Protein chains: 4
Amino acid sequence: MPEKKAEGKTARSRERYEQRRQEVVDTAAKVFAERGFHATTVDDLVAATGLQRGGLYHYIDGKMELLIAIHERFIEPLLSEAREIAERDEPPETQLRSVAHALMGDIASYRDQVTVFLHEWRIIESDPAWKAIRKARKEFEQIITDILERGREEGTFAFTDSRLTLLAWLGMINYSYQWFDPEGRTQAPHVADYFTDIFLSGVRAAPPA
Amino acid sequence: MPEKKAEGKTARSRERYEQRRQEVVDTAAKVFAERGFHATTVDDLVAATGLQRGGLYHYIDGKMELLIAIHERFIEPLLSEAREIAERDEPPETQLRSVAHALMGDIASYRDQVTVFLHEWRIIESDPAWKAIRKARKEFEQIITDILERGREEGTFAFTDSRLTLLAWLGMINYSYQWFDPEGRTQAPHVADYFTDIFLSGVRAAPPA
Amino acid sequence: MPEKKAEGKTARSRERYEQRRQEVVDTAAKVFAERGFHATTVDDLVAATGLQRGGLYHYIDGKMELLIAIHERFIEPLLSEAREIAERDEPPETQLRSVAHALMGDIASYRDQVTVFLHEWRIIESDPAWKAIRKARKEFEQIITDILERGREEGTFAFTDSRLTLLAWLGMINYSYQWFDPEGRTQAPHVADYFTDIFLSGVRAAPPA
Amino acid sequence: MPEKKAEGKTARSRERYEQRRQEVVDTAAKVFAERGFHATTVDDLVAATGLQRGGLYHYIDGKMELLIAIHERFIEPLLSEAREIAERDEPPETQLRSVAHALMGDIASYRDQVTVFLHEWRIIESDPAWKAIRKARKEFEQIITDILERGREEGTFAFTDSRLTLLAWLGMINYSYQWFDPEGRTQAPHVADYFTDIFLSGVRAAPPA
DNA sequence: TATGAATGAGCCTTCATTCAT
DNA sequence: CATGAATGAAGGCTCATTCAT
């Protein structure tokens with residue numbers, strides 16, 4: 001987590017600085033998600049943060065640096081939660097359901113950031129900080145793949161193509177950033193369960209015994 | 001499909017004009033998909049089309065009008081195909097698989113346009129032409145919902161929430177615009193089948209008989 | 001001589017373009033010399049050229065690129081004249097006087113550019129184009145040094161330190177950019193002769209024979 | 001030398017204040033000489049002085065006021081030395097050589113300040129404080145002119161144009177700010193002598209007796 | 001049809017300076 | 001004395017669009 005301009009400050013002022021910066025980053029994520037990165041002007045951010053133009057630049061290095069900060073913000077907590085779940089001694093089904101809850105909750109909580117992440121990552125593709133984000137993304141996907149493949153080995157899952165199976169699961173959940181209602185945040189667990197059920201059992205009615 | 005500036009011309013020249021315009025729209029879709037709408041300059045389009053600045057404006061009214069044209073390009077053929085499938089006298093499972101093929105093929109064929117659509121639709125939300133696109137989108141979603149609900153009524157499908165079920169199906173397939181490689185070996189029909197299978201039966205292994 | 005944006009144009013329009021660009025460069029030199037590079041705003045250039053902001057950028061790549069263009073403008077003609085003089089079969093005194101005329105005339109004609117050259121070169125020191133300018137400067141100084149040293153070998157000049165002697169000559173003439181009245185351009189030859197006389201014979205009165 | 005904010009303080013604190021201020025002015029001269037006045041930001045000065053932004057403003061009123069202070073710094077000692085030399089009862093040649101030493105030494109000692117003076121004086125041209133600096137400059141030039149003209153009257157110097165002769169002398173020496181290396185082996189006194197010799201006798205070899 | 005010069009609003013960013021603490 | 005957050009005017013530059021030729 002790179003911290004801008006934080007040298008030569010007292011602990012107290014540094015703390016205030018970091019907090020304010022975090023606010024700025026979150027506000028920016030909201031505005032970017034609403035209007036898109038390029039359609040958002042610095043004046044929009046100025047209006048949204050309540051700062052003035054110069055004051056805003058006290059906390060950031062530029063518009064693009066904000067994109068990086070936004071990504072870090074939502075990908076870190078998700079990844080550490082996924083890691084923790086993967087280490088649990090639970091059946092693959094349970095783990096998959098738990099990660100679905102984690103991802104769904106992340107999208108619900110950081111929908112703005114996720115939107116930015118999915119739409120604008122090309123912009124920062126060349127940025128050195130992007131490598132870390134890309135790595136985090138890969139790690140998350142690998143955790144899911146591992147759960148799926150362990151399930152297959154143990155005989156509880158059946159599928160032929162790991163990657164396509166991962167992408168089906170990922171698409172089902174990730175796509176929710178396009179329609180999820182941020183006010184209905186409490187529904188996230190319900191959706192996670194609903195999608196997990198479909199992913200596990202499908203929609204086809206069980207044949208009569 | 002509104003045709004710009006095509007009056008008062010000989011049939012021959014009008015034909016050439018329309019063809020050129022279509023090329024411009026498709027080229028724009030490609031460039032927009034790669035860089036994003038706002039990041040694409042008219043000079044980028046000039047370079048990509050091989051036209052000159054002034055020449056480009058003979059075929060379009062402006063950058064934003066291109067967005068509309070791009071949407072029309074991929075949504076019309078998809079919708080008519082979906083309508084045709086819905087009218088067939090086939091079981092819901094078959095219809096669902098067919099529409100998955102149609103949507104998947106559409107994404108594969110018009111991946112640039114779909115990318116632009118999913119990323120930039122907010123930009124034209126207020127445009128009068130957006131209403132038609134929105135209507136088409138709703139109609140497509142309704143067709144899927146109808147198939148699902150008919151399946152439930154007939155007892156082949158089992159689910160509790162039509163909308164969430166639709167969104168699971170839609171997300172699984174639509175999300176492919178993020179990873180689908182049109183040149184790749186994994187063909188669209190195969191993915192459509194694979195995803196349909198998961199959607200119908202899930203990944204859970206069948207219990208031993 | 002790098003020519004910006006000159007591809008894909010007809011010979012006619014390219015000619016007009018180059019001419020207009022030259023006017024822009026010369027106007028910029030004038031304004032830079034009056035106010036200094038950094039104190040000159042793009043709006044100043046806009047006002048001085050009669051173009052609008054965007055129109056100005058049709059001819060240039062940026063403020064800094066103008067500095068390079070300005071340097072090229074005045075150093076090229078001077079250098080070729082100096083080369084031509086150096087190749088003549090004339091005594092060193094005559095050559096030195098001729099080069100003094102050339103340099104003095106150059107300063108009188110391009111006083112603005114010379115001012116910019118002497119004051120602002122640090123700004124473009126890191127620019128790749130600067131190497132060429134630096135090389136040209138070195139070559140000019142070498143031509144003077146060669147003339148001086150040939151004179152010493154032939155016995156018409158007497159001095160101990162080539163470099164200091166060069167710098168004395170150079171300073172005497174170059175410094176004129178600080179005081180030369182551009183309206184009195186016709187005086188340049190007179191000053192060149194006057195300074196050459198001092199440099200050759202000094203101001204000390206000849207001892208009575 | 002106007003002293004800012006030095007009232008109402010104990011002698012001790014006032015002394016410390018003045019010393020600190022002088023350091024700030026000299027540091028500013030160095031940075032201005034390296035990067036130019038306009039290219040130097042207050043943050044550059046903050047970094048160079050080791051103070052903080054607010055702290056810097058305890059010692060100065062603003063960036064431009066620094067320019068004035070820099071000029072005063074090097075012109076005052078030079079002028080008083082020149083005055084003292086002019087009052088001596090010595091032949092013009094000796095006086096001229098002494099003033100050359102003084103000016104050359106001044107440039108060597110205050111090269112940064114001189115650079116700033118020669119490059120940026122236009123910026124403060126309109127400032128009321130500039131009148132005093134201009135007056136000092138004129139007085140210095142007048143002292144040289146007087147020496148030259150007295151030499152001509154006494155028959156030791158021979159020239160036709162006082163002003164051009166002054167400018168030749170001034171240019172030869174002043175221009176050294178462009179190339180003089182204060183750390184270098186070529187010492188200021190040596191250069192002063194060398195240039196004085198050229199100015200007095202020229203570089204032409206004495207005709208064989 | 002086609003060209004490319006020109007427009008001018010608007011964008012991102014910088015920076016000298018102030019001021020509450 | 002000193003800090004550093006905040007200001008807001010201004011700077012360099014971009015870009016969609018127009019229009020005379």
# chains A, B, ... in the order shown; residues from 1 in each chain; ligands from 1

$ residues_around --residues "DA5 of chain F" --least-positions-apart "5" --cutoff "12 Å" --atoms "only C-alpha atoms (C1' of nucleotides)" --output "list in words"
Ser13, Arg14, Arg16, Tyr17, Arg20, Leu51, Gln52, Gly54, Gly55, Leu56, Tyr57, His58 and Tyr59 of chain A; Arg53 and Gly54 of chain D; DT18, DC19, DA20 and DT21 of chain E

$ residues_around --residues "Glu84 of chain A" --least-positions-apart "5" --cutoff "12 Å" --atoms "only C-alpha atoms (C1' of nucleotides)" --output "list in words"
Pro77, Leu78, Leu79, Asp89, Glu90, Gln95, Ser98, Val99, Ala102, Phe140 and Ile143 of chain A

$ atom_distance --atom1 "atom CA of Ser162 of chain C" --atom2 "atom CA of Met104 of chain D"
19.2 Å

$ residues_around --residues "Val191 of chain B" --least-positions-apart "3" --cutoff "10 Å" --atoms "only C-alpha atoms (C1' of nucleotides)" --output "list in words"
Leu164, Thr165 and Ala168 of chain A; Ala100, His101, Met104, Gly105, Ile173, Ser176, Phe180, Thr186, Gln187, Ala188, Tyr194, Phe195, Thr196 and Asp197 of chain B

$ residues_around --residues "segment 113-127 of chain A" --least-positions-apart "5" --cutoff "8 Å" --atoms "only C-alpha atoms (C1' of nucleotides)" --output "ChimeraX atom specification"
/A:29-30,32-33,36-37,64,67-68,70-71,73-74,107,177-178 /B:35,119

$ interface_residues --of "chain F" --to "chain C" --cutoff "9 Å" --atoms "only C-alpha atoms (C1' of nucleotides)" --output "number ranges by chain"
F: 11-15

$ write_last_selection --atoms "C-alpha atoms (C1' of nucleotides)" --output "PDB file, in the first residue's frame"
ATOM      1  C1'  DG F  11      -0.971  27.203 -16.930  1.00  0.00           C
ATOM      2  C1'  DG F  12      -0.157  23.902 -20.844  1.00  0.00           C
ATOM      3  C1'  DC F  13      -2.536  21.090 -23.672  1.00  0.00           C
ATOM      4  C1'  DT F  14      -6.458  18.181 -26.025  1.00  0.00           C
ATOM      5  C1'  DC F  15     -10.115  17.392 -28.800  1.00  0.00           C
TER       6       DC F  15
END

$ closest_atom_pairs --of "chain D" --to "chain C" --cutoff "7 Å" --atoms "only C-alpha atoms" --output "JSON lines"
{"residue": "D:His38", "atom": "CA", "partner": "C:His38", "partner_atom": "CA", "distance": 5.6}
{"residue": "D:Ala39", "atom": "CA", "partner": "C:His38", "partner_atom": "CA", "distance": 6.8}
{"residue": "D:His119", "atom": "CA", "partner": "C:His119", "partner_atom": "CA", "distance": 6.2}
{"residue": "D:Gly155", "atom": "CA", "partner": "C:Ala205", "partner_atom": "CA", "distance": 6.8}
{"residue": "D:Thr156", "atom": "CA", "partner": "C:Ala205", "partner_atom": "CA", "distance": 5.3}
{"residue": "D:Phe157", "atom": "CA", "partner": "C:Arg204", "partner_atom": "CA", "distance": 4.5}
{"residue": "D:Ala158", "atom": "CA", "partner": "C:Ala205", "partner_atom": "CA", "distance": 4.8}
{"residue": "D:Phe159", "atom": "CA", "partner": "C:Val203", "partner_atom": "CA", "distance": 6.2}
{"residue": "D:Ala168", "atom": "CA", "partner": "C:Met172", "partner_atom": "CA", "distance": 5.0}
{"residue": "D:Trp169", "atom": "CA", "partner": "C:Met172", "partner_atom": "CA", "distance": 7.0}
{"residue": "D:Gly171", "atom": "CA", "partner": "C:Met172", "partner_atom": "CA", "distance": 4.5}
{"residue": "D:Met172", "atom": "CA", "partner": "C:Met172", "partner_atom": "CA", "distance": 4.4}
{"residue": "D:Tyr175", "atom": "CA", "partner": "C:Gly171", "partner_atom": "CA", "distance": 4.9}
{"residue": "D:Phe195", "atom": "CA", "partner": "C:Ala168", "partner_atom": "CA", "distance": 6.6}
{"residue": "D:Ile198", "atom": "CA", "partner": "C:Gly202", "partner_atom": "CA", "distance": 6.2}
{"residue": "D:Phe199", "atom": "CA", "partner": "C:Gly202", "partner_atom": "CA", "distance": 4.9}
{"residue": "D:Leu200", "atom": "CA", "partner": "C:Gly202", "partner_atom": "CA", "distance": 4.3}
{"residue": "D:Ser201", "atom": "CA", "partner": "C:Gly202", "partner_atom": "CA", "distance": 4.0}
{"residue": "D:Gly202", "atom": "CA", "partner": "C:Ser201", "partner_atom": "CA", "distance": 4.0}
{"residue": "D:Val203", "atom": "CA", "partner": "C:Leu200", "partner_atom": "CA", "distance": 4.9}
{"residue": "D:Arg204", "atom": "CA", "partner": "C:Phe157", "partner_atom": "CA", "distance": 4.5}
{"residue": "D:Ala205", "atom": "CA", "partner": "C:Ala158", "partner_atom": "CA", "distance": 4.8}
